[in-house]
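S.K.: Next comes my_file-v1.cif, mmCIF, C-alpha atoms:
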```
data_upload
#
loop_
_atom_site.label_atom_id
_atom_site.label_comp_id
_atom_site.auth_asym_id
_atom_site.auth_seq_id
_atom_site.Cartn_x
_atom_site.Cartn_y
_atom_site.Cartn_z
CA MET A 5 -77.94 -29.29 1.73
CA SER A 6 -80.24 -27.24 -0.48
CA VAL A 7 -79.13 -25.66 -3.75
CA LEU A 8 -80.62 -22.96 -5.94
CA THR A 9 -82.09 -25.04 -8.75
CA ASP A 10 -85.44 -25.67 -10.38
CA ASP A 11 -84.65 -29.38 -10.47
CA THR A 12 -86.74 -30.38 -7.48
CA LEU A 13 -89.67 -31.87 -9.41
CA PRO A 14 -89.78 -35.29 -11.08
CA ALA A 15 -88.40 -35.45 -14.61
CA SER A 16 -91.00 -34.37 -17.16
CA PRO A 17 -91.04 -35.20 -20.89
CA ARG A 18 -90.55 -31.50 -21.71
CA ARG A 19 -87.55 -31.20 -19.41
CA ILE A 20 -85.90 -34.33 -20.80
CA ARG A 21 -86.63 -33.15 -24.35
CA ASP A 22 -85.03 -29.75 -23.68
CA GLU A 23 -81.91 -31.36 -22.25
CA MET A 24 -81.61 -33.83 -25.14
CA VAL A 25 -81.91 -31.02 -27.70
CA VAL A 26 -79.13 -29.10 -25.97
CA PHE A 27 -77.06 -32.29 -25.76
CA VAL A 28 -77.36 -32.86 -29.53
CA LEU A 29 -76.38 -29.23 -30.21
CA MET A 30 -73.43 -29.51 -27.83
CA ALA A 31 -72.25 -32.76 -29.43
CA ALA A 32 -72.53 -31.26 -32.93
CA LEU A 33 -70.55 -28.14 -31.95
CA LEU A 34 -67.84 -30.17 -30.26
CA ALA A 35 -67.62 -32.57 -33.22
CA ALA A 36 -66.97 -29.59 -35.50
CA VAL A 37 -64.07 -28.23 -33.42
CA PRO A 38 -61.26 -29.82 -35.54
CA LEU A 39 -62.69 -27.98 -38.56
CA THR A 40 -62.48 -24.57 -36.88
CA GLY A 41 -58.76 -24.33 -36.22
CA ILE A 42 -59.22 -24.09 -32.44
CA TYR A 43 -56.26 -25.47 -30.48
CA PRO A 44 -57.32 -29.13 -29.90
CA PHE A 45 -55.26 -29.60 -26.71
CA PHE A 46 -57.26 -26.85 -24.99
CA VAL A 47 -60.61 -28.42 -25.92
CA MET A 48 -59.50 -31.95 -24.96
CA GLN A 49 -58.28 -30.73 -21.59
CA ALA A 50 -61.55 -28.85 -21.07
CA LEU A 51 -63.56 -31.98 -21.97
CA CYS A 52 -61.68 -34.05 -19.37
CA PHE A 53 -62.36 -31.45 -16.69
CA ALA A 54 -65.97 -31.10 -17.86
CA LEU A 55 -66.53 -34.84 -17.33
CA LEU A 56 -64.83 -34.58 -13.94
CA ALA A 57 -67.08 -31.68 -12.95
CA CYS A 58 -70.19 -33.53 -14.18
CA ALA A 59 -69.23 -36.45 -11.94
CA PHE A 60 -68.73 -34.09 -9.00
CA ASN A 61 -72.02 -32.33 -9.77
CA LEU A 62 -73.86 -35.66 -9.63
CA LEU A 63 -72.76 -35.96 -6.01
CA ILE A 64 -73.28 -32.40 -4.75
CA GLY A 65 -75.85 -30.98 -7.17
CA TYR A 66 -78.24 -33.92 -6.99
CA GLY A 67 -77.22 -35.71 -3.80
CA GLY A 68 -76.30 -32.71 -1.65
CA LEU A 69 -72.92 -34.24 -0.71
CA LEU A 70 -69.98 -31.81 -0.84
CA SER A 71 -66.74 -33.70 -1.40
CA PHE A 72 -63.40 -31.94 -0.99
CA GLY A 73 -61.50 -35.02 -2.14
CA HIS A 74 -62.50 -35.73 -5.73
CA ALA A 75 -58.93 -35.13 -6.87
CA MET A 76 -58.02 -38.53 -5.42
CA PHE A 77 -60.13 -40.25 -8.09
CA LEU A 78 -58.75 -38.12 -10.92
CA GLY A 79 -55.12 -38.50 -9.87
CA SER A 80 -55.30 -42.16 -8.83
CA ALA A 81 -56.82 -43.26 -12.13
CA GLY A 82 -54.20 -41.21 -13.94
CA TYR A 83 -51.37 -42.97 -12.09
CA PHE A 84 -52.87 -46.43 -12.61
CA THR A 85 -53.43 -45.85 -16.33
CA ALA A 86 -50.00 -44.28 -16.84
CA HIS A 87 -48.22 -47.12 -15.06
CA ALA A 88 -50.15 -49.75 -17.01
CA LEU A 89 -49.30 -48.09 -20.31
CA LYS A 90 -45.63 -47.29 -19.70
CA GLU A 91 -44.39 -50.07 -17.43
CA TRP A 92 -46.65 -52.96 -18.41
CA GLY A 93 -47.02 -52.00 -22.06
CA LEU A 94 -50.77 -52.61 -22.07
CA ALA A 95 -53.14 -51.41 -24.78
CA PRO A 96 -54.88 -48.03 -24.23
CA GLU A 97 -58.30 -49.60 -23.64
CA LEU A 98 -56.88 -51.84 -20.91
CA GLY A 99 -55.09 -48.89 -19.34
CA ILE A 100 -58.33 -46.92 -19.21
CA LEU A 101 -60.15 -49.91 -17.76
CA ILE A 102 -57.52 -50.38 -15.03
CA GLY A 103 -57.55 -46.69 -14.13
CA THR A 104 -61.34 -46.49 -14.00
CA ALA A 105 -61.63 -49.74 -12.02
CA GLY A 106 -58.98 -48.50 -9.59
CA ALA A 107 -60.93 -45.27 -9.02
CA ALA A 108 -64.10 -47.32 -8.48
CA GLY A 109 -62.32 -49.43 -5.86
CA ILE A 110 -61.08 -46.32 -4.07
CA GLY A 111 -64.63 -44.98 -4.24
CA VAL A 112 -65.96 -48.08 -2.49
CA VAL A 113 -63.37 -47.95 0.31
CA THR A 114 -63.48 -44.20 0.92
CA GLY A 115 -67.25 -44.08 0.46
CA VAL A 116 -67.86 -46.67 3.18
CA VAL A 117 -65.75 -44.55 5.56
CA ALA A 118 -67.04 -41.09 4.59
CA ILE A 119 -70.73 -41.72 3.98
CA ARG A 120 -71.34 -42.38 7.69
CA ARG A 121 -71.03 -38.64 8.33
CA GLN A 122 -73.02 -35.68 7.05
CA GLY A 123 -72.42 -32.04 6.19
CA ILE A 124 -69.03 -30.53 6.88
CA TYR A 125 -67.87 -33.76 8.60
CA PHE A 126 -68.35 -35.67 5.34
CA SER A 127 -66.44 -32.96 3.44
CA MET A 128 -63.54 -32.99 5.90
CA ILE A 129 -63.26 -36.79 5.81
CA THR A 130 -63.07 -36.80 2.01
CA LEU A 131 -60.40 -34.09 2.18
CA ALA A 132 -58.42 -36.07 4.76
CA LEU A 133 -58.62 -39.28 2.69
CA SER A 134 -57.55 -37.41 -0.43
CA GLN A 135 -54.53 -35.92 1.34
CA LEU A 136 -53.66 -39.35 2.74
CA LEU A 137 -53.49 -40.72 -0.80
CA TYR A 138 -51.48 -37.67 -1.88
CA PHE A 139 -48.73 -38.42 0.65
CA ILE A 140 -48.82 -42.13 -0.21
CA TYR A 141 -48.28 -41.30 -3.89
CA LEU A 142 -45.52 -38.88 -2.92
CA GLN A 143 -43.56 -41.74 -1.33
CA THR A 144 -44.59 -44.72 -3.48
CA PRO A 145 -41.89 -45.69 -6.03
CA PHE A 146 -44.24 -46.43 -8.95
CA THR A 147 -45.44 -42.79 -9.07
CA HIS A 148 -41.84 -41.43 -9.25
CA GLY A 149 -42.63 -38.91 -6.51
CA GLU A 150 -42.54 -35.25 -7.52
CA ASP A 151 -41.31 -36.10 -11.02
CA GLY A 152 -44.46 -38.03 -11.85
CA ILE A 153 -44.77 -40.49 -14.72
CA GLN A 154 -43.60 -38.81 -17.93
CA GLY A 155 -43.52 -39.74 -21.60
CA ILE A 156 -46.55 -42.00 -21.54
CA PRO A 157 -47.09 -43.78 -24.89
CA GLN A 158 -50.46 -43.13 -26.46
CA GLY A 159 -50.60 -46.30 -28.56
CA ARG A 160 -53.48 -47.56 -30.66
CA LEU A 161 -56.96 -47.91 -29.23
CA PHE A 162 -58.37 -51.38 -30.00
CA GLY A 163 -55.31 -51.82 -32.25
CA ILE A 164 -56.90 -49.53 -34.86
CA LEU A 165 -57.11 -45.88 -33.74
CA ASP A 166 -53.73 -44.15 -33.61
CA LEU A 167 -53.93 -41.87 -30.57
CA SER A 168 -50.73 -40.06 -31.53
CA ASN A 169 -52.81 -38.37 -34.22
CA SER A 170 -54.32 -35.29 -32.56
CA THR A 171 -57.57 -35.46 -34.56
CA VAL A 172 -58.12 -39.14 -33.75
CA LEU A 173 -57.28 -38.50 -30.09
CA TYR A 174 -59.72 -35.59 -30.00
CA TYR A 175 -62.64 -37.68 -31.21
CA VAL A 176 -61.76 -40.48 -28.77
CA ILE A 177 -61.75 -37.98 -25.89
CA LEU A 178 -65.00 -36.49 -27.18
CA ALA A 179 -66.62 -39.93 -27.37
CA GLY A 180 -65.48 -40.65 -23.81
CA PHE A 181 -66.87 -37.35 -22.56
CA LEU A 182 -70.22 -37.79 -24.29
CA GLY A 183 -70.51 -41.35 -22.99
CA GLY A 184 -69.77 -40.25 -19.43
CA PHE A 185 -72.18 -37.34 -19.75
CA LEU A 186 -74.96 -39.67 -20.85
CA VAL A 187 -74.31 -41.90 -17.84
CA VAL A 188 -74.81 -38.88 -15.56
CA PHE A 189 -77.89 -37.84 -17.55
CA ARG A 190 -79.42 -41.30 -17.24
CA ALA A 191 -78.64 -41.51 -13.53
CA VAL A 192 -80.24 -38.14 -12.83
CA ASN A 193 -83.35 -38.86 -14.89
CA SER A 194 -84.09 -42.21 -13.28
CA PRO A 195 -85.83 -43.38 -10.09
CA PHE A 196 -82.36 -43.47 -8.51
CA GLY A 197 -81.87 -39.81 -9.39
CA GLU A 198 -85.26 -38.86 -7.99
CA VAL A 199 -84.38 -40.49 -4.67
CA LEU A 200 -81.08 -38.60 -4.63
CA LYS A 201 -82.94 -35.31 -5.09
CA ALA A 202 -85.32 -36.26 -2.29
CA ILE A 203 -82.34 -36.94 -0.01
CA ARG A 204 -80.83 -33.59 -0.99
CA GLU A 205 -84.00 -31.70 -0.14
CA ASN A 206 -85.00 -33.55 3.06
CA GLU A 207 -83.11 -36.67 4.06
CA GLN A 208 -85.21 -37.34 7.15
CA ARG A 209 -88.38 -37.37 5.09
CA ALA A 210 -86.77 -39.77 2.60
CA ILE A 211 -85.88 -42.06 5.50
CA SER A 212 -89.47 -41.88 6.79
CA LEU A 213 -90.65 -43.03 3.34
CA GLY A 214 -88.59 -46.18 3.73
CA TYR A 215 -85.51 -45.37 1.64
CA LYS A 216 -82.11 -46.54 2.90
CA THR A 217 -80.49 -43.19 2.24
CA ASP A 218 -76.95 -44.30 3.13
CA HIS A 219 -77.10 -46.93 0.40
CA TYR A 220 -78.20 -44.39 -2.20
CA LYS A 221 -75.53 -41.91 -1.14
CA LEU A 222 -72.86 -44.60 -1.25
CA LEU A 223 -73.89 -45.65 -4.76
CA ALA A 224 -73.84 -42.00 -5.87
CA PHE A 225 -70.38 -41.56 -4.34
CA ILE A 226 -69.01 -44.67 -6.08
CA LEU A 227 -70.55 -43.71 -9.43
CA SER A 228 -69.20 -40.16 -9.12
CA GLY A 229 -65.73 -41.43 -8.21
CA THR A 230 -65.74 -43.95 -11.08
CA LEU A 231 -66.62 -41.27 -13.65
CA ALA A 232 -64.02 -38.93 -12.16
CA GLY A 233 -61.49 -41.74 -12.53
CA PHE A 234 -62.55 -42.26 -16.15
CA ALA A 235 -61.86 -38.56 -16.74
CA GLY A 236 -58.43 -38.98 -15.13
CA SER A 237 -57.61 -41.93 -17.40
CA LEU A 238 -58.58 -39.95 -20.50
CA LYS A 239 -56.53 -36.97 -19.32
CA VAL A 240 -53.38 -39.13 -19.32
CA PHE A 241 -53.57 -39.46 -23.11
CA VAL A 242 -53.95 -35.71 -23.51
CA ALA A 243 -51.18 -34.57 -21.15
CA GLN A 244 -49.00 -37.70 -21.57
CA ASN A 245 -48.05 -37.52 -17.90
CA ALA A 246 -49.42 -38.27 -14.45
CA SER A 247 -48.34 -36.02 -11.59
CA LEU A 248 -49.07 -35.09 -7.98
CA THR A 249 -50.87 -31.97 -9.17
CA ASP A 250 -53.93 -34.04 -10.04
CA VAL A 251 -54.10 -35.51 -6.51
CA HIS A 252 -53.47 -32.30 -4.56
CA TRP A 253 -56.25 -30.62 -2.58
CA THR A 254 -56.05 -27.56 -4.85
CA MET A 255 -57.37 -29.71 -7.70
CA SER A 256 -60.40 -30.60 -5.59
CA GLY A 257 -60.93 -26.88 -5.01
CA GLU A 258 -60.73 -26.23 -8.74
CA ILE A 259 -63.44 -28.84 -9.34
CA VAL A 260 -65.70 -27.02 -6.87
CA LEU A 261 -64.93 -23.71 -8.61
CA ILE A 262 -65.77 -25.10 -12.06
CA THR A 263 -69.10 -26.50 -10.87
CA LEU A 264 -70.18 -23.35 -9.03
CA VAL A 265 -69.26 -21.03 -11.92
CA GLY A 266 -71.15 -23.17 -14.43
CA GLY A 267 -74.19 -23.89 -12.28
CA LEU A 268 -74.70 -26.29 -9.41
CA GLY A 269 -77.43 -28.87 -9.97
CA THR A 270 -77.66 -28.27 -13.74
CA MET A 271 -76.75 -30.78 -16.44
CA PHE A 272 -74.69 -28.45 -18.61
CA GLY A 273 -73.35 -26.08 -15.98
CA PRO A 274 -70.19 -28.12 -15.24
CA VAL A 275 -69.39 -28.24 -18.97
CA VAL A 276 -69.64 -24.46 -19.35
CA GLY A 277 -67.75 -23.93 -16.11
CA ALA A 278 -64.91 -26.19 -17.27
CA PHE A 279 -64.49 -24.32 -20.54
CA VAL A 280 -64.56 -20.95 -18.74
CA ILE A 281 -61.94 -21.90 -16.14
CA ILE A 282 -59.64 -23.80 -18.55
CA ALA A 283 -59.89 -20.94 -21.05
CA MET A 284 -58.80 -18.49 -18.34
CA GLN A 285 -55.83 -20.68 -17.45
CA GLN A 286 -54.92 -21.03 -21.12
CA TYR A 287 -55.26 -17.44 -22.28
CA LEU A 288 -54.26 -15.64 -19.08
CA ALA A 289 -51.08 -17.67 -18.59
CA GLY A 290 -49.04 -14.58 -19.47
CA PHE A 291 -50.05 -13.00 -16.16
CA GLY A 292 -48.11 -15.66 -14.23
CA GLN A 293 -49.12 -15.95 -10.57
CA TRP A 294 -51.80 -13.31 -11.08
CA VAL A 295 -53.96 -15.88 -12.88
CA THR A 296 -55.12 -17.19 -9.50
CA VAL A 297 -56.03 -13.70 -8.35
CA ILE A 298 -57.93 -13.00 -11.57
CA GLN A 299 -59.79 -16.31 -11.22
CA GLY A 300 -60.69 -15.38 -7.65
CA VAL A 301 -62.10 -12.02 -8.73
CA ILE A 302 -64.14 -13.59 -11.53
CA PHE A 303 -65.40 -16.24 -9.11
CA VAL A 304 -66.53 -13.59 -6.62
CA VAL A 305 -68.27 -11.65 -9.40
CA CYS A 306 -70.03 -14.81 -10.62
CA VAL A 307 -71.18 -15.69 -7.10
CA LEU A 308 -72.54 -12.19 -6.50
CA THR A 309 -74.07 -11.74 -9.96
CA PHE A 310 -75.03 -15.28 -10.97
CA ARG A 311 -76.01 -17.05 -7.76
CA ARG A 312 -77.21 -20.05 -9.72
CA GLY A 313 -74.13 -20.10 -11.93
CA ILE A 314 -73.98 -19.14 -15.61
CA VAL A 315 -76.17 -21.96 -16.93
CA GLY A 316 -78.39 -21.90 -13.83
CA GLU A 317 -79.27 -18.23 -14.40
CA ILE A 318 -79.93 -18.79 -18.11
CA ALA A 319 -82.18 -21.77 -17.34
CA HIS A 320 -84.03 -19.80 -14.65
CA TYR A 321 -84.56 -16.80 -16.95
CA PHE A 322 -85.99 -18.87 -19.82
CA ARG A 323 -87.77 -21.30 -17.44
CA ARG A 324 -86.06 -24.22 -19.13
CA SER A 325 -84.13 -27.16 -17.77
CA LEU A 326 -80.44 -27.08 -18.69
#
```
Using the file provided, produce a representation of the structure as C-alpha cells.

M.R.:
Amino acid sequence: MSVLTDDTLPASPRRIRDEMVVFVLMAALLAAVPLTGIYPFFVMQALCFALLACAFNLLIGYGGLLSFGHAMFLGSAGYFTAHALKEWGLAPELGILIGTAGAAGIGVVTGVVAIRRQGIYFSMITLALSQLLYFIYLQTPFTHGEDGIQGIPQGRLFGILDLSNSTVLYYVILAGFLGGFLVVFRAVNSPFGEVLKAIRENEQRAISLGYKTDHYKLLAFILSGTLAGFAGSLKVFVAQNASLTDVHWTMSGEIVLITLVGGLGTMFGPVVGAFVIIAMQQYLAGFGQWVTVIQGVIFVVCVLTFRRGIVGEIAHYFRRSL
C-alpha cells in the first residue's frame, strides 16, 4: 500500500531536527493549556485520541497495514483498567499497566492470526476479530454489558498525584501522550522504521533483500496495539467509565477518519486530526444527529482539497518533514 508522503527516504539530521523542534513547540503549547482557560476535559480527550491515532498511523502510515479493528485495543484496555481500579481497588499505575499489558496480549494473539494475510483480507480479519471481542464484552459479566463500568475511582498515581484534581490529571495525561508519541517517533526514526517503510513501498523487494517481513509487520502490529491500549487506559481516568462504544467498529472508523484528516504517514498529522475531529464533536453537539453528516462533509472536502491531509499538505508546501 502506497501513501502520499515525502517520508520514503532514510531519516536525515535535518528531518529529525525539524520534527524535534515542532515536538518541543507542541509540548510547550499543550503544557500552557491550563493557563488559558480552555476546557481541560476537551483537551485531555483529544490527547487520548491523538495517541490512539499516532499508534494507528505507525501501522498504516509507515507499515502500509490498514487495520479496521484498532478499537479492540482501546476498549479492551479500558475495560481491564476500569475493572482493576473499581473491583480490585488497585493503584492507578497498576491499572494502567494491566490495561496496557492486556492490549499487548491481544495484539500478539490477533496479530499472529491477521498478519498472515495482506491488503483488504488483513483489514477484514482485524474487523472480524474486533467485532468478536465486542460481542464477548457484550455478554461477559465483568463489563456490565450495555451499562459499562461506571464511577471509576481516579485515585492517586504513585500514592502522590491526586488524579481527582483536573490540573494534575491533565498533566498526567499530557505526560502519557508525550511519552507515547516519543515511542512512535523513535520507532519510525530507527532501522526498524526504515524496514517498515521499505515493506510499505515494496514488500517483495524487502523480502528479496533478506528481511523477514512478517516478523516486522507483527512487531509493528503489537507495538501499535500496545500504544492504543495505553491510550485506552488513560482515557478511563478522563471519562471515568468504560463502555461498548470504545470497542464498536464505528470507533475504528473514527480512528481512520482522524488519521486521514490530519495526514497519513506524518508524525503530527494524527495529533492535528484528533483535535479537529474532537473539537467538531464538542462544539457541534447542538446539531444532534447532524454532527455525523457535518463530519462526513468536512471529511469529503478534506479528501478532495488536502489529499495528503492537513499536516501532509503543509509539510509538502514548505518541503519540511512534519

S.K.: List as a tab-separated table every residue of range 227-267 of chain A that is in contact with range 105-123 of chain A, defined as an atom at most 10 Å from one of its atoms (using all atoms listed in the file), together with the nearest atom pair and the distance in Å rounded to one decimal, sorted by chain and then rising number.

M.R.:
```
residue	atom	partner	partner_atom	distance
A:Leu227	CA	A:Ala108	CA	7.5
A:Ser228	CA	A:Gly111	CA	8.2
A:Gly229	CA	A:Gly111	CA	5.4
A:Thr230	CA	A:Ala108	CA	4.6
A:Leu231	CA	A:Ala108	CA	8.3
A:Ala232	CA	A:Ala107	CA	7.7
A:Gly233	CA	A:Ala107	CA	5.0
A:Phe234	CA	A:Ala107	CA	7.9
A:Gly236	CA	A:Ala107	CA	9.1
A:Ser237	CA	A:Ala107	CA	9.6
```

S.K.: Go ahead and write the residues just picked, C-alpha atoms, as a compact mmCIF listing (two decimals), in the frame of the given file.

M.R.:
```txt
# COMPACT_ATOMS: atom_id res chain seq x y z
CA LEU A 227 -70.55 -43.71 -9.43
CA SER A 228 -69.20 -40.16 -9.12
CA GLY A 229 -65.73 -41.43 -8.21
CA THR A 230 -65.74 -43.95 -11.08
CA LEU A 231 -66.62 -41.27 -13.65
CA ALA A 232 -64.02 -38.93 -12.16
CA GLY A 233 -61.49 -41.74 -12.53
CA PHE A 234 -62.55 -42.26 -16.15
CA GLY A 236 -58.43 -38.98 -15.13
CA SER A 237 -57.61 -41.93 -17.40
```

S.K.: Taking the file as I've supplied it (selection: the PyMOL selection byres ((chain A and resi 285) around 12)), which residues are included? Please answer as an NGL selection string.

M.R.: :A and (46 or 49-50 or 258 or 278-284 or 286-299)

S.K.: Written as JSON, numbers by chain, which residues does the PyMOL selection byres ((chain A and resi 164-168) around 12) give for the file shown?

M.R.: {"A": [95, 96, 97, 156, 157, 158, 159, 160, 161, 162, 163, 169, 170, 171, 172, 173, 174, 175, 176, 177, 238, 240, 241, 242, 243, 244]}

S.K.: Given all atoms listed in the file as the basis, pick out the residue of A:Thr270, A:Gln208, A:Thr147, A:Asn193 nearest to Ser247 in chain A.

M.R.: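 Nearest to Ser247 in chain A: A:Thr147.
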
S.K.: Between CA of Leu62 in chain A and CA of Leu222 in chain A, measure the distance and give it in Å to one decimal.

M.R.: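 Calculated distance between CA of Leu62 in chain A and CA of Leu222 in chain A is 12.3 Å.
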
S.K.: Once you count all atoms listed in the file, what closest atom pair and distance in Å to one decimal does each residue of range 140-180 of chain A within 9 Å of range 82-85 of chain A have, with rows by chain and rising residue number, as CSV?

M.R.:
```
residue,atom,partner,partner_atom,distance
A:Tyr141,CA,A:Tyr83,CA,8.9
A:Phe146,CA,A:Tyr83,CA,8.5
A:Thr147,CA,A:Tyr83,CA,6.7
A:Gly152,CA,A:Tyr83,CA,8.5
A:Ile153,CA,A:Tyr83,CA,7.5
```

S.K.: Between CA of Arg323 in chain A and CA of Leu268 in chain A, what distance in Å does the model show, to one decimal?

M.R.: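 Between CA of Arg323 in chain A and CA of Leu268 in chain A the gap works out to 16.1 Å.
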
S.K.: Enumerate, as an mmCIF file with C-alpha atoms, keeping the file's coordinate frame, the residues matched when the PyMOL selection byres ((chain A and resi 71) around 12) is run on the file above.

M.R.:
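The resulting file, result.cif, is shown below:
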```cif
data_model
loop_
_atom_site.group_PDB
_atom_site.id
_atom_site.type_symbol
_atom_site.label_atom_id
_atom_site.label_comp_id
_atom_site.auth_asym_id
_atom_site.auth_seq_id
_atom_site.Cartn_x
_atom_site.Cartn_y
_atom_site.Cartn_z
ATOM 1 C CA ALA A 57 -67.080 -31.680 -12.950
ATOM 2 C CA ALA A 59 -69.230 -36.450 -11.940
ATOM 3 C CA PHE A 60 -68.730 -34.090 -9.000
ATOM 4 C CA ASN A 61 -72.020 -32.330 -9.770
ATOM 5 C CA LEU A 62 -73.860 -35.660 -9.630
ATOM 6 C CA LEU A 63 -72.760 -35.960 -6.010
ATOM 7 C CA ILE A 64 -73.280 -32.400 -4.750
ATOM 8 C CA GLY A 65 -75.850 -30.980 -7.170
ATOM 9 C CA GLY A 67 -77.220 -35.710 -3.800
ATOM 10 C CA GLY A 68 -76.300 -32.710 -1.650
ATOM 11 C CA LEU A 69 -72.920 -34.240 -0.710
ATOM 12 C CA LEU A 70 -69.980 -31.810 -0.840
ATOM 13 C CA PHE A 72 -63.400 -31.940 -0.990
ATOM 14 C CA GLY A 73 -61.500 -35.020 -2.140
ATOM 15 C CA HIS A 74 -62.500 -35.730 -5.730
ATOM 16 C CA ALA A 75 -58.930 -35.130 -6.870
ATOM 17 C CA MET A 76 -58.020 -38.530 -5.420
ATOM 18 C CA PHE A 77 -60.130 -40.250 -8.090
ATOM 19 C CA GLY A 111 -64.630 -44.980 -4.240
ATOM 20 C CA THR A 114 -63.480 -44.200 0.920
ATOM 21 C CA GLY A 115 -67.250 -44.080 0.460
ATOM 22 C CA ALA A 118 -67.040 -41.090 4.590
ATOM 23 C CA ILE A 119 -70.730 -41.720 3.980
ATOM 24 C CA ARG A 121 -71.030 -38.640 8.330
ATOM 25 C CA GLN A 122 -73.020 -35.680 7.050
ATOM 26 C CA GLY A 123 -72.420 -32.040 6.190
ATOM 27 C CA ILE A 124 -69.030 -30.530 6.880
ATOM 28 C CA TYR A 125 -67.870 -33.760 8.600
ATOM 29 C CA PHE A 126 -68.350 -35.670 5.340
ATOM 30 C CA SER A 127 -66.440 -32.960 3.440
ATOM 31 C CA MET A 128 -63.540 -32.990 5.900
ATOM 32 C CA ILE A 129 -63.260 -36.790 5.810
ATOM 33 C CA THR A 130 -63.070 -36.800 2.010
ATOM 34 C CA LEU A 131 -60.400 -34.090 2.180
ATOM 35 C CA ALA A 132 -58.420 -36.070 4.760
ATOM 36 C CA LEU A 133 -58.620 -39.280 2.690
ATOM 37 C CA SER A 134 -57.550 -37.410 -0.430
ATOM 38 C CA ALA A 224 -73.840 -42.000 -5.870
ATOM 39 C CA PHE A 225 -70.380 -41.560 -4.340
ATOM 40 C CA SER A 228 -69.200 -40.160 -9.120
ATOM 41 C CA GLY A 229 -65.730 -41.430 -8.210
ATOM 42 C CA TRP A 253 -56.250 -30.620 -2.580
ATOM 43 C CA MET A 255 -57.370 -29.710 -7.700
ATOM 44 C CA SER A 256 -60.400 -30.600 -5.590
ATOM 45 C CA GLY A 257 -60.930 -26.880 -5.010
ATOM 46 C CA ILE A 259 -63.440 -28.840 -9.340
ATOM 47 C CA VAL A 260 -65.700 -27.020 -6.870
#
```

S.K.: In Å, how far is it from CA of Gly183 in chain A to CA of Arg19 in chain A?

M.R.: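 A separation of 20.2 Å between them.
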
S.K.: Go through A:His252, A:Arg312, A:His219, A:Arg18 and flag the residue nearest Phe139 in chain A, using only C-alpha atoms for the distances.

M.R.: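 Counting only C-alpha atoms, the residue closest to Phe139 in chain A is A:His252.
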
S.K.: Check the smallest atom-to-atom distance from each of A:Leu186, A:Lys239, A:Gly93, A:Arg204 to Phe45 in chain A using all atoms listed in the file, then report the winner.

M.R.: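 With all atoms listed in the file as the atom set, the closest residue is A:Lys239.
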
S.K.: Nearest residue to Thr309 in chain A out of A:Ile102, A:Val265, A:Ala81, A:Leu182, using only C-alpha atoms?

M.R.: A:Val265

S.K.: Around all the atoms of range 134-139 of chain A listed in the file, with 4 Å of room on each side, what axis-aligned box do you get, giving centre and edge lengths in Å to one decimal, as AutoDock Vina command-line options?

M.R.:
```
--center_x -53.1 --center_y -38.3 --center_z 0.4 --size_x 16.8 --size_y 12.8 --size_z 12.6
```

S.K.: Find the spatial neighbours of Val275 in chain A, counting only C-alpha atoms, within a cut-off of 9 Å - ignore same-chain residues fewer than 6 positions away - and output them as a list in words.

M.R.: Ala50, Leu51, Phe53, Ala54, Leu55, Ala57, Cys58, Ile262, Thr263 and Gly266 of chain A

S.K.: So, with all atoms listed in the file as the atoms that count, which of A:Ala235, A:Phe303, A:Asn245, A:Phe189 lies closest to Met24 in chain A?

M.R.: A:Phe189

S.K.: Starting from the point (-74.0, -23.2, -22.5), work out which residues of protein, DNA or RNA have an atom no more than 9 Å away when counting only C-alpha atoms; state them as a ChimeraX atom specification.

M.R.: /A:26,30,266,272-273,275-277,314-315,318,326

S.K.: Counting only C-alpha atoms, which residue out of A:Leu178, A:Gly155, A:Pro145, A:Asp22 sits closest to Val37 in chain A?

M.R.: A:Leu178
